[in-house]
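Enquirer: Dropping the structure in here first, questions after.
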Amino acid sequence: MEIIKVVGFAFAAVFIYLLLKDKKSDVAFYVLVVAGILIFMYMIGQLGEVINFIDDIASKANINTVYIEIVFKILAIAYITSFCSEICKDAGASTIASKVEFSGKIMILALAIPILMAVLDSILQIM
């Protein structure tokens, strides 16, 4: 199982972090950042399989691919925002973390407008 690899790597990174935290806090922080980036990069490969599956289902259901692309962009913004926010919080910059989260929410809202308009158009056609 893939999650065992991720969890094992995460535990190793946390162990190294705990060893370095008191003596070399700057290096310990970089261990966390590099570990987070490596886990993120590893999971991007796994995400490709999910994207292909959803694309197949969307094409079989005759769903406009524009909407699927928007949903993928929204998911990407949410995950990247969360990842960046957690790194900022780990660094002690919770103020910046909250601004990153706010920015991500605004970007998601802006991307969701075409989907909301399509839903409203569908509702108006039914009425």
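Numbering starts fresh at 1 for the residues of each chain in the structure tokens, the chains themselves are lettered A, B, ... in the order given, and ligands are numbered from 1 as they appear.
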Please provide the set of residues having any atom within 9 Å of Ile70 of chain A, restricted to only C-alpha atoms, with same-chain residues fewer than 5 positions apart removed, written as a count of residues only.
Expert: 6
Enquirer: Using only C-alpha atoms, find each residue in segment 37-106 of chain A having at least one atom no more than 10 Å away from segment 7-26 of chain A; report its shortest atom-to-atom pair and that distance in Å (one decimal), rows by chain then rising number, as a tab-separated table.
Expert:
residue	atom	partner	partner_atom	distance
A:Leu38	CA	A:Phe9	CA	9.4
A:Ile39	CA	A:Ala10	CA	8.0
A:Ala91	CA	A:Asp26	CA	9.7
Enquirer: List the neighbours of Lys99 of chain A out to 12 Å using only C-alpha atoms; skip same-chain residues closer than 3 positions along the sequence, and give me the result as a list in words.
Expert: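 Final neighbour list, sorted by chain and number: Thr81, Ser82, Cys84, Ser85, Cys88, Lys89, Ala93, Ser94, Thr95, Ile96, Phe102, Ser103, Gly104, Lys105 and Ile106 of chain A.
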Enquirer: Which residue, A:Met41, A:Val27, A:Val71, A:Val33, has the smallest gap to Ile87 of chain A when you use only C-alpha atoms?
Expert: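 Looking at the shortest contact to Ile87 of chain A, the residue is A:Val33.
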Enquirer: Between A:Val119, A:Ala28, A:Val6, A:Ile54, which is the closest to Phe72 of chain A once you count only C-alpha atoms?
Expert: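 Going through A:Val119, A:Ala28, A:Val6, A:Ile54 one by one, the smallest distance to Phe72 of chain A is for A:Ile54.
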Enquirer: Using Å and a single decimal, report how far atom CA of Ala110 of chain A sits from atom CA of Ile77 of chain A.
Expert: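 Between atom CA of Ile77 of chain A and atom CA of Ala110 of chain A the gap is 11.5 Å.
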Enquirer: Report, in Å to a single decimal, how far apart atom CA of Met107 of chain A and atom CA of Ile80 of chain A are.
Expert: 11.9 Å
Enquirer: Pick out the closest residue to Ile44 of chain A from this set: A:Ala61, A:Ala76, A:Ile68, A:Ala118. Count only C-alpha atoms.
Expert: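 So, comparing all the options, the nearest one is A:Ala76.
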Enquirer: Using only C-alpha atoms, which of the listed residues (A:Ile108, A:Ser59, A:Gln46, A:Asp90) sits closest to Lys73 of chain A?
Expert: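 Once distances to Lys73 of chain A are computed over only C-alpha atoms, the minimum belongs to A:Ile108.
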Enquirer: Give me, please, the distance in Å between atom CA of Phe40 of chain A and atom CA of Asn52 of chain A, quoted to one decimal.
Expert: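 Atom CA of Asn52 of chain A lies 18.6 Å from atom CA of Phe40 of chain A.
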